[in-house]
>>> print(open('run-v4.txt').read())   # compact mmCIF, C-alpha atoms
# COMPACT_ATOMS: atom_id res chain seq x y z
CA TRP A 1 94.61 194.60 110.09
CA SER A 2 97.29 192.23 111.34
CA ASP A 3 98.66 191.40 107.87
CA GLY A 4 99.54 195.07 107.49
CA LEU A 5 102.03 194.93 110.34
CA TYR A 6 104.08 192.44 108.31
CA MET A 7 103.66 194.36 105.08
CA VAL A 8 104.43 197.86 106.42
CA MET A 9 106.66 197.74 109.51
CA PRO A 10 109.72 196.08 107.90
CA VAL A 11 109.45 198.51 104.97
CA MET A 12 109.72 201.43 107.39
CA THR A 13 112.90 200.08 108.98
CA LYS A 14 114.45 199.30 105.61
CA LEU A 15 113.68 202.78 104.32
CA TYR A 16 115.22 204.25 107.47
CA ASN A 17 118.38 202.21 106.89
CA VAL A 18 118.56 203.38 103.26
CA THR A 19 117.85 207.07 103.92
CA GLY A 20 118.82 207.70 107.54
CA ASN A 21 115.60 209.72 107.85
CA GLU A 22 114.28 209.47 111.43
CA LEU A 23 110.76 210.21 110.17
CA TYR A 24 110.44 206.55 109.15
CA LEU A 25 111.05 205.39 112.73
CA ASP A 26 108.67 208.03 114.08
CA LYS A 27 105.93 206.83 111.75
CA LEU A 28 106.75 203.22 112.56
CA GLN A 29 106.06 203.92 116.24
CA GLU A 30 102.94 205.93 115.43
CA TYR A 31 101.43 203.22 113.25
CA PHE A 32 102.39 200.46 115.68
CA ALA A 33 100.79 202.33 118.59
CA TYR A 34 97.59 202.77 116.57
CA ALA A 35 97.47 199.08 115.63
CA ASN A 36 97.99 198.14 119.27
CA SER A 37 95.14 200.40 120.34
CA ILE A 38 92.60 198.67 118.13
CA MET A 39 93.56 194.99 118.00
CA TYR A 40 96.09 194.00 120.67
CA ASP A 41 94.76 192.06 123.65
CA GLU A 42 96.84 192.78 126.76
CA GLU A 43 95.59 189.74 128.65
CA ALA A 44 96.32 187.17 125.94
CA GLN A 45 99.28 189.16 124.56
CA LEU A 46 98.12 188.35 121.05
CA TYR A 47 96.56 190.27 118.16
CA PHE A 48 93.03 190.03 116.85
CA ARG A 49 92.92 190.04 113.06
CA ASP A 50 91.42 193.56 113.08
CA ALA A 51 88.89 195.65 115.01
CA LYS A 52 85.98 193.52 113.70
CA TYR A 53 87.20 190.51 115.68
CA VAL A 54 87.87 192.09 119.08
CA TYR A 55 86.34 190.22 122.02
CA PRO A 56 83.57 190.34 123.23
CA LYS A 57 82.08 191.91 120.10
CA HIS A 58 83.28 188.83 118.26
CA LYS A 59 83.67 185.38 119.83
CA SER A 60 84.73 181.96 118.66
CA SER A 61 82.05 179.30 118.22
CA ASN A 62 82.58 178.31 121.87
CA GLY A 63 82.43 181.85 123.22
CA LYS A 64 86.21 182.39 123.50
CA LYS A 65 88.58 185.02 122.17
CA ASP A 66 89.25 184.30 118.50
CA PHE A 67 92.91 184.76 117.58
CA TRP A 68 93.54 183.80 113.97
CA ALA A 69 96.80 181.87 113.62
CA ARG A 70 97.94 183.32 110.30
CA GLY A 71 97.10 186.83 111.49
CA ASP A 72 99.33 186.48 114.54
CA GLY A 73 101.87 184.76 112.30
CA TRP A 74 102.10 187.89 110.15
CA VAL A 75 102.70 189.98 113.27
CA PHE A 76 105.26 187.66 114.90
CA ALA A 77 107.26 187.42 111.67
CA GLY A 78 106.97 191.15 111.10
CA LEU A 79 108.34 191.89 114.56
CA ALA A 80 111.33 189.64 113.87
CA LYS A 81 112.08 191.53 110.66
CA VAL A 82 111.76 194.92 112.40
CA ILE A 83 114.09 193.93 115.25
CA GLN A 84 116.56 192.54 112.72
CA ASP A 85 116.70 195.84 110.80
CA LEU A 86 116.67 198.32 113.67
CA PRO A 87 120.10 199.60 114.74
CA LYS A 88 121.27 197.98 117.98
CA ASP A 89 121.34 201.39 119.69
CA SER A 90 117.88 202.43 118.52
CA PRO A 91 115.77 203.67 121.46
CA VAL A 92 112.67 202.00 119.98
CA ARG A 93 114.21 198.55 119.51
CA GLU A 94 113.51 197.36 123.06
CA GLN A 95 109.73 197.88 122.79
CA PHE A 96 109.60 195.58 119.77
CA ILE A 97 111.76 192.99 121.51
CA LEU A 98 109.47 193.02 124.55
CA ARG A 99 106.37 192.54 122.39
CA PHE A 100 108.10 189.76 120.42
CA LYS A 101 109.02 187.94 123.64
CA ALA A 102 105.51 188.31 125.06
CA MET A 103 103.99 186.86 121.91
CA ALA A 104 106.53 184.02 121.93
CA LEU A 105 105.37 182.93 125.37
CA SER A 106 101.66 183.16 124.52
CA LEU A 107 102.12 181.26 121.27
CA LYS A 108 104.10 178.56 123.05
CA ASN A 109 101.13 177.96 125.34
CA ALA A 110 98.75 177.66 122.38
CA GLN A 111 100.75 175.08 120.43
CA GLN A 112 99.04 171.74 119.94
CA PRO A 113 100.78 168.50 121.01
CA GLU A 114 101.23 167.54 117.34
CA GLY A 115 103.32 170.68 116.78
CA TYR A 116 100.91 172.85 114.79
CA TRP A 117 98.65 175.72 115.79
CA THR A 118 94.93 175.56 115.01
CA ARG A 119 93.33 178.37 113.00
CA SER A 120 91.61 179.81 116.09
CA MET A 121 94.48 179.40 118.50
CA LEU A 122 92.70 179.58 121.87
CA ASP A 123 89.70 177.55 120.73
CA PRO A 124 91.01 174.48 118.88
CA GLN A 125 87.48 173.13 118.42
CA HIS A 126 86.36 176.25 116.54
CA ALA A 127 88.16 175.00 113.41
CA PRO A 128 90.02 171.80 114.32
CA GLY A 129 93.07 170.38 112.62
CA PRO A 130 96.45 171.63 111.45
CA GLU A 131 97.16 174.90 109.65
CA THR A 132 100.51 175.42 107.96
CA SER A 133 100.85 179.14 107.22
CA GLY A 134 100.49 180.29 110.82
CA THR A 135 102.61 177.40 112.06
CA ALA A 136 105.37 178.21 109.56
CA PHE A 137 105.41 181.92 110.46
CA PHE A 138 105.67 181.03 114.15
CA THR A 139 108.46 178.55 113.44
CA TYR A 140 110.33 181.21 111.49
CA GLY A 141 109.94 183.71 114.34
CA TYR A 142 111.08 181.27 117.00
CA LEU A 143 114.10 180.15 115.00
CA TRP A 144 115.05 183.73 114.15
CA GLY A 145 114.78 184.64 117.83
CA ILE A 146 116.97 181.71 118.87
CA ASN A 147 119.50 182.36 116.09
CA ASN A 148 119.83 186.01 117.15
CA ASN A 149 119.91 185.42 120.91
CA ILE A 150 116.58 187.15 121.46
CA LEU A 151 114.78 184.00 122.63
CA ASP A 152 116.17 181.43 125.06
CA LYS A 153 117.11 178.23 123.23
CA LYS A 154 116.30 176.09 126.27
CA ASP A 155 112.76 177.46 126.49
CA TYR A 156 111.86 177.54 122.81
CA LEU A 157 113.80 174.84 120.98
CA PRO A 158 111.24 172.23 122.17
CA VAL A 159 108.52 174.36 120.53
CA VAL A 160 110.48 174.47 117.29
CA SER A 161 111.25 170.75 117.40
CA LYS A 162 107.52 169.97 117.46
CA SER A 163 106.52 172.54 114.85
CA TRP A 164 109.36 171.58 112.50
CA ASN A 165 108.37 167.94 112.80
CA TYR A 166 104.86 168.93 111.67
CA LEU A 167 106.12 171.15 108.83
CA SER A 168 108.67 168.68 107.47
CA LYS A 169 106.70 165.45 107.90
CA THR A 170 103.05 166.43 107.54
CA ALA A 171 102.82 169.75 105.69
CA LEU A 172 105.58 168.99 103.16
CA GLN A 173 104.45 166.46 100.57
CA GLU A 174 106.61 164.02 98.62
CA ASP A 175 106.12 166.02 95.41
CA GLY A 176 107.27 169.24 97.13
CA ARG A 177 103.85 170.80 97.66
CA ILE A 178 102.99 172.39 101.01
CA GLY A 179 99.60 171.24 102.32
CA TYR A 180 97.16 172.22 105.05
CA VAL A 181 97.31 175.94 104.21
CA GLN A 182 94.11 177.79 105.05
CA PRO A 183 92.80 179.50 101.88
CA ILE A 184 92.71 183.28 101.51
CA GLY A 185 90.48 184.79 104.18
CA GLU A 186 90.59 186.82 107.35
CA ARG A 187 89.48 184.41 110.04
CA ALA A 188 89.18 180.81 111.14
CA ILE A 189 86.03 179.48 109.47
CA PRO A 190 84.31 176.48 111.11
CA GLY A 191 83.76 173.67 108.64
CA GLN A 192 86.16 175.03 106.03
CA VAL A 193 88.14 172.23 104.39
CA VAL A 194 91.88 172.54 105.00
CA ASP A 195 93.62 169.34 103.97
CA VAL A 196 96.69 167.87 102.28
CA ASN A 197 95.67 169.49 98.98
CA SER A 198 95.18 172.98 100.44
CA THR A 199 98.09 175.18 99.41
CA ALA A 200 98.81 178.85 98.64
CA ASP A 201 101.82 181.00 97.85
CA PHE A 202 101.84 182.72 101.26
CA GLY A 203 101.96 179.33 102.95
CA VAL A 204 104.89 178.28 100.78
CA GLY A 205 106.63 181.60 101.50
CA ALA A 206 106.21 181.17 105.25
CA PHE A 207 107.53 177.62 104.98
CA LEU A 208 110.61 178.88 103.11
CA LEU A 209 111.23 181.56 105.77
CA ALA A 210 111.16 178.87 108.45
CA THR A 211 113.39 176.59 106.37
CA ALA A 212 116.00 179.32 105.86
CA GLU A 213 116.19 179.95 109.61
CA MET A 214 116.41 176.22 110.30
CA TYR A 215 119.35 176.06 107.89
CA ARG A 216 121.04 178.92 109.78
CA PHE A 217 120.36 177.20 113.08
CA LEU A 218 121.87 173.90 111.94
CA ASP A 219 124.79 175.68 110.28
CA LYS A 220 125.74 177.25 113.64
CA LYS A 221 125.82 173.92 115.50
>>> encode(input="run-v4.txt", output="structure tokens")
Amino acid sequence: WSDGLYMVMPVMTKLYNVTGNELYLDKLQEYFAYANSIMYDEEAQLYFRDAKYVYPKHKSSNGKKDFWARGDGWVFAGLAKVIQDLPKDSPVREQFILRFKAMALSLKNAQQPEGYWTRSMLDPQHAPGPETSGTAFFTYGYLWGINNNILDKKDYLPVVSKSWNYLSKTALQEDGRIGYVQPIGERAIPGQVVDVNSTADFGVGAFLLATAEMYRFLDKK
């Protein structure tokens, strides 16, 4: 499942850096290849949440491919953390950079004019309205990529400008709460209420990741 790529891959690179044991990088590649074989869509260059949601076995309410925003957010953020931890001369680093860049382009094309991503990214009408956790993970990934010269600032700063405007002016409330976070679940659910009062720790964590990278971006200017 897509969440696992965030939870496991960065641990493998960190353990490699602590121990120097190449087995961690070997297993990282093995697990990543397996995940790609069951839930990566080559055409869309995005990840289904898991094998249950692969098209055409599963479709959105309008018959489209159903890519769950927070699921792809876990992956995009996880890739950033892996690339960050891999040694610059690692022979496996380039494959993760290429996947990160491919996702960046696909996600850019799925962003809504208001700056957020909908829960089912390629079918906005499946579960309309903003969703903060996926949007925050994407914003973190884009900013990290720009800050580390992996993503072109000219191409992706406009994406960040829109998503940050959403995060800082709509998702962030005056009392400090983070709203519009889809509750715990594994898919975009039509009719599920996601509003200003919807919050969760993973949404707050993703928001803080994005905020930290925004601070680094502004600090470099």
>>> atom_distance(input="run-v4.txt", atom1="CA of Trp68 in chain A", atom2="CA of Phe202 in chain A")
15.2 Å
>>> closest_residue(input="run-v4.txt", among="A:Pro10, A:Pro56, A:Gly129, A:Gly205", to="Phe96 in chain A", atoms="only C-alpha atoms")
A:Pro10
>>> residues_around(input="run-v4.txt", residues="range 150-162 of chain A", least_positions_apart="5", cutoff="8 Å", atoms="only C-alpha atoms", output="VMD selection string")
chain A and resid 97 101 108 111 113 to 116 139 142 to 143 145
>>> residues_around(input="run-v4.txt", residues="range 209-212 of chain A", least_positions_apart="4", cutoff="9 Å", atoms="all atoms listed in the file", output="list in words")
Ala136, Phe137, Phe138, Thr139, Tyr140, Gly141, Tyr142, Leu143, Trp144, Trp164, Val204, Gly205, Arg216 and Phe217 of chain A
>>> closest_residue(input="run-v4.txt", among="A:Ile189, A:Met39, A:Ala69, A:Ala206", to="Tyr55 in chain A", atoms="all atoms listed in the file")
A:Met39
>>> closest_residue(input="run-v4.txt", among="A:Val196, A:Tyr166, A:Leu46, A:Tyr16", to="Leu105 in chain A", atoms="all atoms listed in the file")
A:Leu46
>>> closest_residue(input="run-v4.txt", among="A:Val92, A:Ile146, A:Ile83, A:Ala200", to="Lys27 in chain A", atoms="only C-alpha atoms")
A:Val92
>>> residues_around(input="run-v4.txt", residues="Trp74 in chain A", least_positions_apart="5", cutoff="9 Å", atoms="only C-alpha atoms", output="list in words")
Ser2, Asp3, Gly4, Leu5, Tyr6, Met7, Ala69, Leu79, Gly134, Phe137 and Phe138 of chain A
>>> closest_residue(input="run-v4.txt", among="A:Val194, A:Met121, A:Leu25, A:Ile178", to="Gly71 in chain A", atoms="all atoms listed in the file")
A:Met121
>>> residues_near_point(input="run-v4.txt", point="(111.3, 193.0, 108.5)", cutoff="8 Å", atoms="only C-alpha atoms", output="VMD selection string")
chain A and resid 6 9 to 11 13 to 14 77 to 85
>>> write_last_selection(input="run-v4.txt", atoms="C-alpha atoms", output="PDB file, in the frame of the given file")
ATOM      1  CA  TYR A   6     104.080 192.440 108.310  1.00  0.00           C
ATOM      2  CA  MET A   9     106.660 197.740 109.510  1.00  0.00           C
ATOM      3  CA  PRO A  10     109.720 196.080 107.900  1.00  0.00           C
ATOM      4  CA  VAL A  11     109.450 198.510 104.970  1.00  0.00           C
ATOM      5  CA  THR A  13     112.900 200.080 108.980  1.00  0.00           C
ATOM      6  CA  LYS A  14     114.450 199.300 105.610  1.00  0.00           C
ATOM      7  CA  ALA A  77     107.260 187.420 111.670  1.00  0.00           C
ATOM      8  CA  GLY A  78     106.970 191.150 111.100  1.00  0.00           C
ATOM      9  CA  LEU A  79     108.340 191.890 114.560  1.00  0.00           C
ATOM     10  CA  ALA A  80     111.330 189.640 113.870  1.00  0.00           C
ATOM     11  CA  LYS A  81     112.080 191.530 110.660  1.00  0.00           C
ATOM     12  CA  VAL A  82     111.760 194.920 112.400  1.00  0.00           C
ATOM     13  CA  ILE A  83     114.090 193.930 115.250  1.00  0.00           C
ATOM     14  CA  GLN A  84     116.560 192.540 112.720  1.00  0.00           C
ATOM     15  CA  ASP A  85     116.700 195.840 110.800  1.00  0.00           C
TER      16      ASP A  85
END
>>> axis_aligned_box(input="run-v4.txt", around="range 164-179 of chain A", padding_each_side="8 Å", output="AutoDock Vina command-line options")
--center_x 104.5 --center_y 168.2 --center_z 104.1 --size_x 25.8 --size_y 24.4 --size_z 33.4
>>> closest_residue(input="run-v4.txt", among="A:Tyr40, A:Phe207, A:Trp1, A:Phe100", to="Arg187 in chain A", atoms="only C-alpha atoms")
A:Trp1
>>> atom_distance(input="run-v4.txt", atom1="CA of Gly73 in chain A", atom2="CA of Thr199 in chain A")
16.5 Å
>>> atom_distance(input="run-v4.txt", atom1="CA of Pro124 in chain A", atom2="CA of Ser60 in chain A")
9.8 Å
>>> decode(input="run-v4.txt", residues="range 121-155 of chain A", atoms="N, CA and C atoms", output="PDB file, in the first residue's frame")
ATOM      1  N   MET A 121      -7.696  12.436  -7.590  1.00  0.00           N
ATOM      2  CA  MET A 121      -7.038  13.545  -8.282  1.00  0.00           C
ATOM      3  C   MET A 121      -7.431  13.717  -9.744  1.00  0.00           C
ATOM      4  N   LEU A 122      -7.721  12.621 -10.451  1.00  0.00           N
ATOM      5  CA  LEU A 122      -8.056  12.737 -11.868  1.00  0.00           C
ATOM      6  C   LEU A 122      -9.554  12.759 -12.118  1.00  0.00           C
ATOM      7  N   ASP A 123     -10.324  12.716 -11.045  1.00  0.00           N
ATOM      8  CA  ASP A 123     -11.782  12.835 -11.145  1.00  0.00           C
ATOM      9  C   ASP A 123     -12.275  13.749 -10.021  1.00  0.00           C
ATOM     10  N   PRO A 124     -12.118  15.055 -10.185  1.00  0.00           N
ATOM     11  CA  PRO A 124     -12.490  15.995  -9.117  1.00  0.00           C
ATOM     12  C   PRO A 124     -13.932  15.861  -8.649  1.00  0.00           C
ATOM     13  N   GLN A 125     -14.826  15.400  -9.530  1.00  0.00           N
ATOM     14  CA  GLN A 125     -16.230  15.295  -9.152  1.00  0.00           C
ATOM     15  C   GLN A 125     -16.529  14.041  -8.330  1.00  0.00           C
ATOM     16  N   HIS A 126     -15.585  13.123  -8.255  1.00  0.00           N
ATOM     17  CA  HIS A 126     -15.775  11.910  -7.461  1.00  0.00           C
ATOM     18  C   HIS A 126     -15.969  12.258  -5.988  1.00  0.00           C
ATOM     19  N   ALA A 127     -15.158  13.181  -5.484  1.00  0.00           N
ATOM     20  CA  ALA A 127     -15.262  13.665  -4.109  1.00  0.00           C
ATOM     21  C   ALA A 127     -14.787  15.112  -4.119  1.00  0.00           C
ATOM     22  N   PRO A 128     -15.669  16.028  -4.504  1.00  0.00           N
ATOM     23  CA  PRO A 128     -15.258  17.422  -4.734  1.00  0.00           C
ATOM     24  C   PRO A 128     -14.755  18.119  -3.476  1.00  0.00           C
ATOM     25  N   GLY A 129     -14.049  19.216  -3.715  1.00  0.00           N
ATOM     26  CA  GLY A 129     -13.614  20.069  -2.617  1.00  0.00           C
ATOM     27  C   GLY A 129     -12.177  19.834  -2.210  1.00  0.00           C
ATOM     28  N   PRO A 130     -11.655  20.718  -1.372  1.00  0.00           N
ATOM     29  CA  PRO A 130     -10.245  20.663  -0.995  1.00  0.00           C
ATOM     30  C   PRO A 130      -9.929  19.502  -0.061  1.00  0.00           C
ATOM     31  N   GLU A 131      -8.653  19.111  -0.067  1.00  0.00           N
ATOM     32  CA  GLU A 131      -8.143  18.095   0.872  1.00  0.00           C
ATOM     33  C   GLU A 131      -6.737  18.501   1.260  1.00  0.00           C
ATOM     34  N   THR A 132      -6.482  18.626   2.548  1.00  0.00           N
ATOM     35  CA  THR A 132      -5.247  19.250   3.011  1.00  0.00           C
ATOM     36  C   THR A 132      -4.068  18.297   3.106  1.00  0.00           C
ATOM     37  N   SER A 133      -4.271  17.050   3.536  1.00  0.00           N
ATOM     38  CA  SER A 133      -3.111  16.194   3.784  1.00  0.00           C
ATOM     39  C   SER A 133      -2.352  15.897   2.495  1.00  0.00           C
ATOM     40  N   GLY A 134      -3.059  15.517   1.438  1.00  0.00           N
ATOM     41  CA  GLY A 134      -2.392  15.296   0.158  1.00  0.00           C
ATOM     42  C   GLY A 134      -1.749  16.566  -0.365  1.00  0.00           C
ATOM     43  N   THR A 135      -2.475  17.672  -0.287  1.00  0.00           N
ATOM     44  CA  THR A 135      -1.956  18.957  -0.764  1.00  0.00           C
ATOM     45  C   THR A 135      -0.693  19.348  -0.008  1.00  0.00           C
ATOM     46  N   ALA A 136      -0.665  19.125   1.299  1.00  0.00           N
ATOM     47  CA  ALA A 136       0.505  19.488   2.102  1.00  0.00           C
ATOM     48  C   ALA A 136       1.705  18.601   1.759  1.00  0.00           C
ATOM     49  N   PHE A 137       1.477  17.295   1.584  1.00  0.00           N
ATOM     50  CA  PHE A 137       2.576  16.410   1.195  1.00  0.00           C
ATOM     51  C   PHE A 137       3.156  16.827  -0.160  1.00  0.00           C
ATOM     52  N   PHE A 138       2.284  17.161  -1.100  1.00  0.00           N
ATOM     53  CA  PHE A 138       2.765  17.585  -2.417  1.00  0.00           C
ATOM     54  C   PHE A 138       3.567  18.885  -2.300  1.00  0.00           C
ATOM     55  N   THR A 139       3.062  19.815  -1.492  1.00  0.00           N
ATOM     56  CA  THR A 139       3.753  21.096  -1.316  1.00  0.00           C
ATOM     57  C   THR A 139       5.134  20.874  -0.702  1.00  0.00           C
ATOM     58  N   TYR A 140       5.198  19.999   0.282  1.00  0.00           N
ATOM     59  CA  TYR A 140       6.495  19.632   0.869  1.00  0.00           C
ATOM     60  C   TYR A 140       7.437  19.089  -0.197  1.00  0.00           C
ATOM     61  N   GLY A 141       6.946  18.129  -0.997  1.00  0.00           N
ATOM     62  CA  GLY A 141       7.794  17.519  -2.014  1.00  0.00           C
ATOM     63  C   GLY A 141       8.292  18.521  -3.036  1.00  0.00           C
ATOM     64  N   TYR A 142       7.396  19.382  -3.506  1.00  0.00           N
ATOM     65  CA  TYR A 142       7.799  20.392  -4.486  1.00  0.00           C
ATOM     66  C   TYR A 142       8.841  21.344  -3.898  1.00  0.00           C
ATOM     67  N   LEU A 143       8.597  21.820  -2.693  1.00  0.00           N
ATOM     68  CA  LEU A 143       9.536  22.750  -2.075  1.00  0.00           C
ATOM     69  C   LEU A 143      10.879  22.084  -1.802  1.00  0.00           C
ATOM     70  N   TRP A 144      10.842  20.834  -1.343  1.00  0.00           N
ATOM     71  CA  TRP A 144      12.101  20.116  -1.120  1.00  0.00           C
ATOM     72  C   TRP A 144      12.857  19.977  -2.439  1.00  0.00           C
ATOM     73  N   GLY A 145      12.140  19.628  -3.505  1.00  0.00           N
ATOM     74  CA  GLY A 145      12.778  19.479  -4.805  1.00  0.00           C
ATOM     75  C   GLY A 145      13.395  20.772  -5.307  1.00  0.00           C
ATOM     76  N   ILE A 146      12.703  21.876  -5.109  1.00  0.00           N
ATOM     77  CA  ILE A 146      13.232  23.186  -5.509  1.00  0.00           C
ATOM     78  C   ILE A 146      14.441  23.561  -4.646  1.00  0.00           C
ATOM     79  N   ASN A 147      14.307  23.363  -3.341  1.00  0.00           N
ATOM     80  CA  ASN A 147      15.382  23.728  -2.415  1.00  0.00           C
ATOM     81  C   ASN A 147      16.659  22.933  -2.660  1.00  0.00           C
ATOM     82  N   ASN A 148      16.523  21.727  -3.217  1.00  0.00           N
ATOM     83  CA  ASN A 148      17.684  20.859  -3.427  1.00  0.00           C
ATOM     84  C   ASN A 148      18.055  20.717  -4.901  1.00  0.00           C
ATOM     85  N   ASN A 149      17.535  21.641  -5.712  1.00  0.00           N
ATOM     86  CA  ASN A 149      17.890  21.691  -7.139  1.00  0.00           C
ATOM     87  C   ASN A 149      17.575  20.402  -7.888  1.00  0.00           C
ATOM     88  N   ILE A 150      16.531  19.724  -7.445  1.00  0.00           N
ATOM     89  CA  ILE A 150      16.035  18.540  -8.159  1.00  0.00           C
ATOM     90  C   ILE A 150      14.931  18.953  -9.129  1.00  0.00           C
ATOM     91  N   LEU A 151      14.092  19.893  -8.720  1.00  0.00           N
ATOM     92  CA  LEU A 151      13.005  20.394  -9.554  1.00  0.00           C
ATOM     93  C   LEU A 151      13.300  21.825  -9.981  1.00  0.00           C
ATOM     94  N   ASP A 152      12.889  22.167 -11.198  1.00  0.00           N
ATOM     95  CA  ASP A 152      13.133  23.492 -11.749  1.00  0.00           C
ATOM     96  C   ASP A 152      12.213  24.519 -11.083  1.00  0.00           C
ATOM     97  N   LYS A 153      12.808  25.532 -10.502  1.00  0.00           N
ATOM     98  CA  LYS A 153      12.044  26.561  -9.798  1.00  0.00           C
ATOM     99  C   LYS A 153      11.059  27.254 -10.729  1.00  0.00           C
ATOM    100  N   LYS A 154      11.472  27.508 -11.956  1.00  0.00           N
ATOM    101  CA  LYS A 154      10.608  28.204 -12.914  1.00  0.00           C
ATOM    102  C   LYS A 154       9.345  27.401 -13.207  1.00  0.00           C
ATOM    103  N   ASP A 155       9.491  26.090 -13.292  1.00  0.00           N
ATOM    104  CA  ASP A 155       8.350  25.233 -13.626  1.00  0.00           C
ATOM    105  C   ASP A 155       7.423  24.997 -12.445  1.00  0.00           C
TER     106      ASP A 155
END
